[in-house]
Amino acid sequence: MTQVHNHEYDVVIVGAGGAGMRAAIESAPHAKTAVITKLYPTRSHTGAAQGGMAAALANVEEDSWEWHTFDTVKGGDYLVDQDAAEILAKEAIDAIIDLENMGLPFNRTPEGKIDQRRFGGHTRDHGKAPVRRACYAADRTGHMILQTLFQNCVKLGVEFHNEFYVLDLLLSEEKGQTRTSGVVAYELATGDIHVFHAKSVVFATGGFGKMFKTTSNAHTLTGDGVGIVWRKGLPLEDMEFFQFHPTGLAGLGILLTEGARGEGAILRNASGERFMERYAPTIKDLAPRDIISRCMVQEVAEGRGAGPEKDYVLLDCTHLGAEVLETKLPDITEFARTYLGVDPVHEPVPVMPTAHYAMGGIPTNTDAEVLKDNTTVIPGLYAAGECACVSVHGSNRLGTNSLLDINVFGKRAGRNAAAYALKAKHVALPKAPESDVLKLVETLRASNGSENVATLRKELQVEMDRNAQVFRTEESLKHAEDVIADLRARYANIGIHDRGQRFNTDLLEAIELGFLLDLAEVVVVSARNRKESRGGHMRDDFPDRNDADYMVHTMAYKADDSIRLDWKPVVITNYQPMERKY
Amino acid sequence: MSDIAEVQSFTVTFIIRRFNPETDTEPYWQDFDVQMYSTDRVLDALHKIKWDVDGTLSFRRSCAHGICGSDAMRINGRNRLACKTLIKDLDISKPVYVEAIKGLPLEKDLIVDMEPFFAAYREINPFLQTSAKPEKEHIQSPEQRARFDDTTKCILCAACTTSCPVFWTDGQYFGPAAIVNAHRFIFDSRDEEAQVRLDILNSKEGVWRCRTTFNCSEACPRGIEVTKAIAEVKQAVLRGVR
């Protein structure tokens, strides 16, 4: 029998990756805070980030936060909100120092300062040459950030509810305002339901790369938080923009950091040609990810791919030498050895683009407050990290800016959530707040239809890879939309095996698939509607950027059985859109 | 690349130790025959079983490439991550045995209660403690940074601790992972509270319980020299940090 438990906090933070724990560190000393997380905190996918975190420290060469802002705006193909990008680049410096002071073991310069390396799209003086801006800890920077933030949560005695799966956000209307009163979670170990009554709620739930087959994302990245917000009728911004990281291990999608190219690795086609010289003559292999991924797919499509099937290109690290690989890139060296049997010291590594990062998500302002339309905030509701869209990444995120995003906007979310909780009262819980979650869980637990969750998920992933990946057309997106509609219909007829209460991961996967299907539809519908090519969204049938019609954010709303699309202006401060050349 | 492009699949028998506390009084072993490729991982086999045959099979996993530390389990009697154990590295002429890691309370199938493990970790003060208030970063030379590099790799998967015979018989022992994480701070030039951690680990359930069986070093999926780290902590208890 499912039990229902009640809790009361000032602040609840959903998700214990980088953004969630950074928020907790700000919030916990000031307000009664709980972190509710589907995974043990150290399992979060922040830990898989490798190459670095950008900040214009100028420790190894001249740099400025203004150049960093410009690179971020240009990297995002001008769909970046420039006020947010300025905050990101300015506060980056303190964010790095915060982490170091908390204990993060960055690599060091001979003088003992934090070392920095090159990364794609980060340049000196507005595109003149690559600049060393990425602070790093070997190629496990994300791991060290996740560990350091967890360590500091332990130090502060932050209260975690581990393996609690949040499934509902409680919203109510009060004096014409939408307000939140907390969240409802499903406890994986027992099957019990927990109602968390809170003044402030922070969503830091990560991305949804598992809608694609080839992805660097963890199995657990199923867009739960974004999906919950969507189901509550709140908008999602710029969902068509998904980043495909150039260097996933071919056939597997496991990430090989851009830091490899930052250290000098080179992409080559079958004939050994350094093909990026043709596409981005100035910064070559350090062009932003969207550009490199497109060039790789084009090389393969035009018959210049390597391997027996000519279906990948090669990442050549052989000239870097064993010492650089073992000390600065040890993890990716091991991944190539373990999973492909290829030793990067001696052979080039087969790579192809892999679904990596959602630029879009829950719209917020620069205080991390969630928006319910283009301008109105929901008091007490915050979002940060990959699940959110501030928008600092626009249509294409630069490498190292996501670890930065979680630290800058995670901190802002936590600080603002605590400040709000200290001055606000709890909003009354709705009647039977657990009822929707109970119904969802019990319906799926008892489901005995003929459709298999894993089969539907696989069909979704194959379809998204085939028709909504690096290159898209009206035809491919229409096909994907039809397939998703069919999968959603079949989802209503699934059956699961496990009827138990305890650690029912069968049920968990069924719920996760529901979120993936909802969000895949939003991605594809938003993509069909944007009849231009910009950043990570490349339309073969509309190959050019079209600022006259599309220099605007997409805002998608759930409307009964359809999706309503609207636009939101881009914030432009210093940089007028220009042609994007590297 | 050519030798792994081979597409031949074969049948592998997995014998998995099952336990559902809602229906079973005792754990039991169950066989599954699975079609596998040589480059598949044990995690792929578990997924094939769960997704195609028996949805009740329960295990933790997330990143699937050895970074998140979710899927430590006992595979043919050795603690390993299921996502880092390739079929080609196992002897598949015999069945492959898979069971939960030992020494922590069994919850269901391959899932154990990790809380005692994290409790030991929390006890060694796993966070930087310093009175210094630098204007920017602390200064630390590359050599000082290198001193504790190995132990910063820990992903808290518990493969080491639950491979330790001392931990199996005495769950109060801090265990290798907690000592590894203490080492990470004891030898960090920025930290000022090494002695507190050394005192904690000089206690009855501390480093002296280690019998140097090297199981932990063999089990570590991150290649950390765990036994060496424990030995260095023992030295530091006796002679101070060097």
# chains A, B, ... in the order shown; residues from 1 in each chain; ligands from 1

$ residues_around --residues "stretch 97-111 of chain A" --least-positions-apart "5" --cutoff "8 Å" --atoms "only C-alpha atoms" --output "list in words"
Val60, Cys135, Tyr136, Ala137, Ala138, Thr141, Met144, Ile145, Thr148, Leu149 and Asn152 of chain A; Phe127, Leu128, Lys136, Glu137, His138, Ile139, Gln140, Ser141, Pro142 and Arg145 of chain B

$ select_by_dssp --residues "stretch 2-225 of chain B" --states "helix (DSSP H, G or I)" --output "compact mmCIF listing (two decimals) with N, CA, C and O atoms, in the first residue's frame"
# COMPACT_ATOMS: atom_id res chain seq x y z
N SER B 2 39.40 -2.51 -37.18
CA SER B 2 38.92 -3.57 -38.06
C SER B 2 38.46 -4.79 -37.25
O SER B 2 37.42 -5.36 -37.53
N ASP B 3 39.23 -5.14 -36.22
CA ASP B 3 38.86 -6.35 -35.47
C ASP B 3 37.59 -6.17 -34.65
O ASP B 3 36.93 -7.13 -34.31
N ILE B 4 37.22 -4.91 -34.35
CA ILE B 4 35.99 -4.75 -33.58
C ILE B 4 34.78 -4.54 -34.48
O ILE B 4 33.66 -4.49 -34.01
N VAL B 42 28.82 -5.85 -19.85
CA VAL B 42 27.89 -6.57 -18.99
C VAL B 42 26.62 -5.73 -18.79
O VAL B 42 25.51 -6.28 -18.74
N LEU B 43 26.77 -4.40 -18.74
CA LEU B 43 25.58 -3.56 -18.60
C LEU B 43 24.61 -3.77 -19.77
O LEU B 43 23.39 -3.76 -19.59
N ASP B 44 25.16 -3.97 -20.98
CA ASP B 44 24.28 -4.23 -22.13
C ASP B 44 23.48 -5.52 -21.91
O ASP B 44 22.31 -5.60 -22.27
N ALA B 45 24.14 -6.52 -21.34
CA ALA B 45 23.45 -7.79 -21.07
C ALA B 45 22.31 -7.57 -20.08
O ALA B 45 21.19 -8.07 -20.27
N LEU B 46 22.60 -6.83 -19.02
CA LEU B 46 21.55 -6.57 -18.02
C LEU B 46 20.38 -5.82 -18.65
O LEU B 46 19.22 -6.10 -18.36
N HIS B 47 20.70 -4.86 -19.53
CA HIS B 47 19.63 -4.12 -20.21
C HIS B 47 18.82 -5.03 -21.13
O HIS B 47 17.60 -4.96 -21.18
N LYS B 48 19.52 -5.93 -21.86
CA LYS B 48 18.79 -6.83 -22.75
C LYS B 48 17.82 -7.70 -21.94
O LYS B 48 16.68 -7.93 -22.36
N ILE B 49 18.27 -8.15 -20.80
CA ILE B 49 17.40 -8.97 -19.95
C ILE B 49 16.21 -8.12 -19.47
O ILE B 49 15.05 -8.51 -19.58
N LYS B 50 16.54 -6.95 -18.93
CA LYS B 50 15.48 -6.11 -18.36
C LYS B 50 14.48 -5.66 -19.42
O LYS B 50 13.28 -5.64 -19.18
N TRP B 51 14.99 -5.27 -20.58
CA TRP B 51 14.13 -4.66 -21.59
C TRP B 51 13.36 -5.69 -22.42
O TRP B 51 12.28 -5.41 -22.91
N ASP B 52 13.96 -6.90 -22.59
CA ASP B 52 13.32 -7.86 -23.50
C ASP B 52 12.73 -9.07 -22.79
O ASP B 52 11.89 -9.76 -23.35
N VAL B 53 13.22 -9.37 -21.59
CA VAL B 53 12.84 -10.65 -20.97
C VAL B 53 12.13 -10.45 -19.63
O VAL B 53 11.02 -10.94 -19.43
N ALA B 82 29.72 -2.62 -14.25
CA ALA B 82 29.12 -3.38 -15.35
C ALA B 82 29.32 -2.69 -16.69
O ALA B 82 29.45 -3.32 -17.73
N CYS B 83 29.40 -1.35 -16.66
CA CYS B 83 29.53 -0.59 -17.91
C CYS B 83 30.96 -0.55 -18.41
O CYS B 83 31.23 -0.04 -19.49
N LYS B 84 31.92 -1.05 -17.62
CA LYS B 84 33.32 -1.04 -18.06
C LYS B 84 33.84 -2.45 -18.26
O LYS B 84 35.02 -2.64 -18.50
N ILE B 87 32.48 -7.94 -22.77
CA ILE B 87 32.29 -9.38 -22.91
C ILE B 87 33.59 -10.05 -23.36
O ILE B 87 33.95 -11.13 -22.91
N LYS B 88 34.33 -9.39 -24.26
CA LYS B 88 35.55 -10.01 -24.79
C LYS B 88 36.61 -10.23 -23.71
O LYS B 88 37.54 -11.00 -23.90
N ASP B 89 36.46 -9.55 -22.59
CA ASP B 89 37.43 -9.73 -21.51
C ASP B 89 37.01 -10.78 -20.49
O ASP B 89 37.67 -10.97 -19.47
N GLU B 115 23.92 3.79 2.03
CA GLU B 115 24.03 4.77 3.11
C GLU B 115 25.20 4.51 4.07
O GLU B 115 25.93 5.45 4.41
N PRO B 116 25.43 3.25 4.52
CA PRO B 116 26.59 3.04 5.42
C PRO B 116 27.90 3.45 4.76
O PRO B 116 28.82 3.96 5.43
N PHE B 117 28.00 3.23 3.46
CA PHE B 117 29.21 3.61 2.72
C PHE B 117 29.41 5.12 2.74
O PHE B 117 30.50 5.61 3.04
N PHE B 118 28.35 5.86 2.45
CA PHE B 118 28.47 7.33 2.45
C PHE B 118 28.64 7.88 3.87
O PHE B 118 29.25 8.93 4.06
N ALA B 119 28.10 7.18 4.86
CA ALA B 119 28.28 7.62 6.25
C ALA B 119 29.76 7.59 6.63
O ALA B 119 30.28 8.53 7.26
N ALA B 120 30.47 6.53 6.23
CA ALA B 120 31.91 6.44 6.51
C ALA B 120 32.66 7.55 5.79
O ALA B 120 33.59 8.16 6.35
N TYR B 121 32.25 7.82 4.56
CA TYR B 121 32.87 8.90 3.78
C TYR B 121 32.70 10.24 4.51
O TYR B 121 33.66 11.00 4.67
N ARG B 122 31.49 10.49 4.98
CA ARG B 122 31.24 11.79 5.65
C ARG B 122 32.06 11.95 6.92
O ARG B 122 32.43 13.06 7.29
N GLU B 123 32.38 10.82 7.57
CA GLU B 123 33.08 10.90 8.85
C GLU B 123 34.52 11.39 8.77
O GLU B 123 35.08 11.84 9.76
N PRO B 142 52.54 22.75 -9.38
CA PRO B 142 52.16 21.50 -10.05
C PRO B 142 52.61 20.26 -9.27
O PRO B 142 51.92 19.25 -9.27
N GLU B 143 53.76 20.36 -8.60
CA GLU B 143 54.24 19.21 -7.83
C GLU B 143 53.34 18.96 -6.62
O GLU B 143 53.00 17.81 -6.30
N GLN B 144 52.96 20.05 -5.93
CA GLN B 144 52.03 19.88 -4.79
C GLN B 144 50.69 19.32 -5.26
O GLN B 144 50.09 18.48 -4.60
N ARG B 145 50.26 19.77 -6.42
CA ARG B 145 48.99 19.29 -6.98
C ARG B 145 49.09 17.81 -7.34
O ARG B 145 48.15 17.02 -7.17
N ALA B 146 50.25 17.42 -7.86
CA ALA B 146 50.44 16.03 -8.28
C ALA B 146 50.44 15.06 -7.10
O ALA B 146 50.10 13.88 -7.25
N ASP B 150 46.16 11.17 -7.73
CA ASP B 150 45.56 9.83 -7.90
C ASP B 150 44.25 9.70 -7.14
O ASP B 150 43.27 9.17 -7.66
N THR B 151 44.21 10.20 -5.93
CA THR B 151 43.02 9.99 -5.11
C THR B 151 41.88 10.97 -5.44
O THR B 151 40.77 10.81 -4.92
N THR B 152 42.15 11.96 -6.32
CA THR B 152 41.03 12.82 -6.75
C THR B 152 40.15 12.12 -7.78
O THR B 152 39.10 12.64 -8.14
N LYS B 153 40.61 10.96 -8.26
CA LYS B 153 39.85 10.28 -9.32
C LYS B 153 38.66 9.50 -8.80
O LYS B 153 37.84 9.01 -9.58
N THR B 161 35.74 -0.69 -1.32
CA THR B 161 35.32 -0.99 0.06
C THR B 161 34.62 -2.34 0.15
O THR B 161 34.86 -3.13 1.07
N THR B 162 33.79 -2.63 -0.84
CA THR B 162 33.02 -3.87 -0.77
C THR B 162 33.78 -5.07 -1.35
O THR B 162 33.22 -6.16 -1.49
N SER B 163 35.07 -4.85 -1.69
CA SER B 163 35.92 -5.99 -2.06
C SER B 163 36.84 -6.37 -0.90
O SER B 163 37.62 -7.31 -1.00
N PRO B 165 37.99 -7.85 2.52
CA PRO B 165 37.57 -8.89 3.47
C PRO B 165 37.40 -8.35 4.89
O PRO B 165 36.54 -8.86 5.64
N VAL B 166 38.18 -7.34 5.24
CA VAL B 166 38.02 -6.76 6.59
C VAL B 166 36.65 -6.08 6.70
O VAL B 166 35.94 -6.24 7.69
N PHE B 167 36.26 -5.37 5.65
CA PHE B 167 34.96 -4.69 5.65
C PHE B 167 33.81 -5.70 5.69
O PHE B 167 32.80 -5.48 6.35
N TRP B 168 33.99 -6.85 4.99
CA TRP B 168 32.92 -7.86 5.00
C TRP B 168 32.63 -8.34 6.42
O TRP B 168 31.48 -8.57 6.78
N THR B 169 33.71 -8.51 7.20
CA THR B 169 33.49 -9.07 8.55
C THR B 169 33.24 -7.98 9.59
O THR B 169 32.70 -8.25 10.64
N GLY B 175 36.93 1.54 5.75
CA GLY B 175 37.01 1.01 4.40
C GLY B 175 37.86 1.85 3.48
O GLY B 175 38.09 3.04 3.72
N PRO B 176 38.34 1.22 2.39
CA PRO B 176 39.28 1.88 1.49
C PRO B 176 38.79 3.21 0.92
O PRO B 176 39.55 4.18 0.85
N ALA B 177 37.54 3.29 0.51
CA ALA B 177 37.09 4.52 -0.18
C ALA B 177 37.16 5.73 0.75
O ALA B 177 37.57 6.81 0.33
N ALA B 178 36.76 5.57 2.00
CA ALA B 178 36.82 6.69 2.94
C ALA B 178 38.28 7.10 3.16
O ALA B 178 38.58 8.30 3.25
N ILE B 179 39.17 6.11 3.21
CA ILE B 179 40.59 6.43 3.42
C ILE B 179 41.17 7.13 2.19
O ILE B 179 41.93 8.09 2.30
N VAL B 180 40.77 6.67 1.01
CA VAL B 180 41.19 7.33 -0.23
C VAL B 180 40.78 8.80 -0.22
O VAL B 180 41.56 9.69 -0.59
N ASN B 181 39.56 9.06 0.22
CA ASN B 181 39.08 10.44 0.22
C ASN B 181 39.72 11.26 1.33
O ASN B 181 39.89 12.48 1.19
N ALA B 182 40.10 10.61 2.42
CA ALA B 182 40.89 11.31 3.44
C ALA B 182 42.26 11.66 2.88
O ALA B 182 42.75 12.78 3.04
N HIS B 183 42.87 10.70 2.18
CA HIS B 183 44.18 10.91 1.55
C HIS B 183 44.14 12.13 0.63
O HIS B 183 45.05 12.96 0.63
N ARG B 184 43.06 12.26 -0.15
CA ARG B 184 42.93 13.35 -1.10
C ARG B 184 43.09 14.71 -0.40
O ARG B 184 43.60 15.67 -0.99
N PHE B 185 42.64 14.80 0.87
CA PHE B 185 42.77 16.08 1.59
C PHE B 185 44.01 16.14 2.48
O PHE B 185 44.62 17.20 2.64
N ILE B 186 44.40 15.00 3.05
CA ILE B 186 45.58 14.98 3.92
C ILE B 186 46.81 15.47 3.16
O ILE B 186 47.64 16.21 3.69
N ALA B 194 44.87 18.10 8.36
CA ALA B 194 45.29 16.72 8.12
C ALA B 194 45.30 15.92 9.42
O ALA B 194 44.87 14.77 9.47
N GLN B 195 45.81 16.57 10.50
CA GLN B 195 45.98 15.83 11.75
C GLN B 195 44.65 15.32 12.30
O GLN B 195 44.58 14.23 12.85
N VAL B 196 43.58 16.10 12.12
CA VAL B 196 42.27 15.66 12.60
C VAL B 196 41.86 14.37 11.88
O VAL B 196 41.41 13.40 12.50
N ARG B 197 42.08 14.36 10.57
CA ARG B 197 41.71 13.16 9.81
C ARG B 197 42.61 11.98 10.19
O ARG B 197 42.15 10.84 10.29
N LEU B 198 43.89 12.27 10.42
CA LEU B 198 44.81 11.20 10.81
C LEU B 198 44.40 10.62 12.16
O LEU B 198 44.46 9.41 12.38
N ASP B 199 43.96 11.48 13.08
CA ASP B 199 43.50 11.00 14.38
C ASP B 199 42.26 10.10 14.22
O ASP B 199 42.15 9.06 14.86
N ILE B 200 41.35 10.54 13.34
CA ILE B 200 40.15 9.72 13.09
C ILE B 200 40.55 8.35 12.56
O ILE B 200 40.04 7.31 12.98
N LEU B 201 41.52 8.35 11.65
CA LEU B 201 41.90 7.10 10.99
C LEU B 201 42.90 6.28 11.82
O LEU B 201 43.23 5.15 11.47
N VAL B 207 42.87 2.98 9.76
CA VAL B 207 43.78 2.36 8.78
C VAL B 207 44.43 1.06 9.24
O VAL B 207 44.83 0.25 8.41
N TRP B 208 44.56 0.88 10.57
CA TRP B 208 45.29 -0.31 11.03
C TRP B 208 44.51 -1.59 10.82
O TRP B 208 45.05 -2.68 10.93
N ARG B 209 43.24 -1.47 10.48
CA ARG B 209 42.49 -2.69 10.14
C ARG B 209 42.90 -3.24 8.78
O ARG B 209 42.64 -4.40 8.47
N ASN B 215 42.92 -6.28 -2.67
CA ASN B 215 41.63 -6.42 -3.37
C ASN B 215 41.14 -5.07 -3.86
O ASN B 215 40.58 -4.95 -4.94
N CYS B 216 41.32 -4.04 -3.01
CA CYS B 216 40.78 -2.73 -3.34
C CYS B 216 41.45 -2.14 -4.57
O CYS B 216 40.78 -1.61 -5.46
N SER B 217 42.77 -2.27 -4.65
CA SER B 217 43.48 -1.73 -5.82
C SER B 217 43.04 -2.45 -7.08
O SER B 217 42.87 -1.84 -8.14
N GLU B 218 42.87 -3.78 -6.96
CA GLU B 218 42.43 -4.54 -8.13
C GLU B 218 41.02 -4.17 -8.53
O GLU B 218 40.66 -4.22 -9.70
N ALA B 219 40.19 -3.81 -7.56
CA ALA B 219 38.78 -3.53 -7.86
C ALA B 219 38.56 -2.14 -8.43
O ALA B 219 37.57 -1.91 -9.11
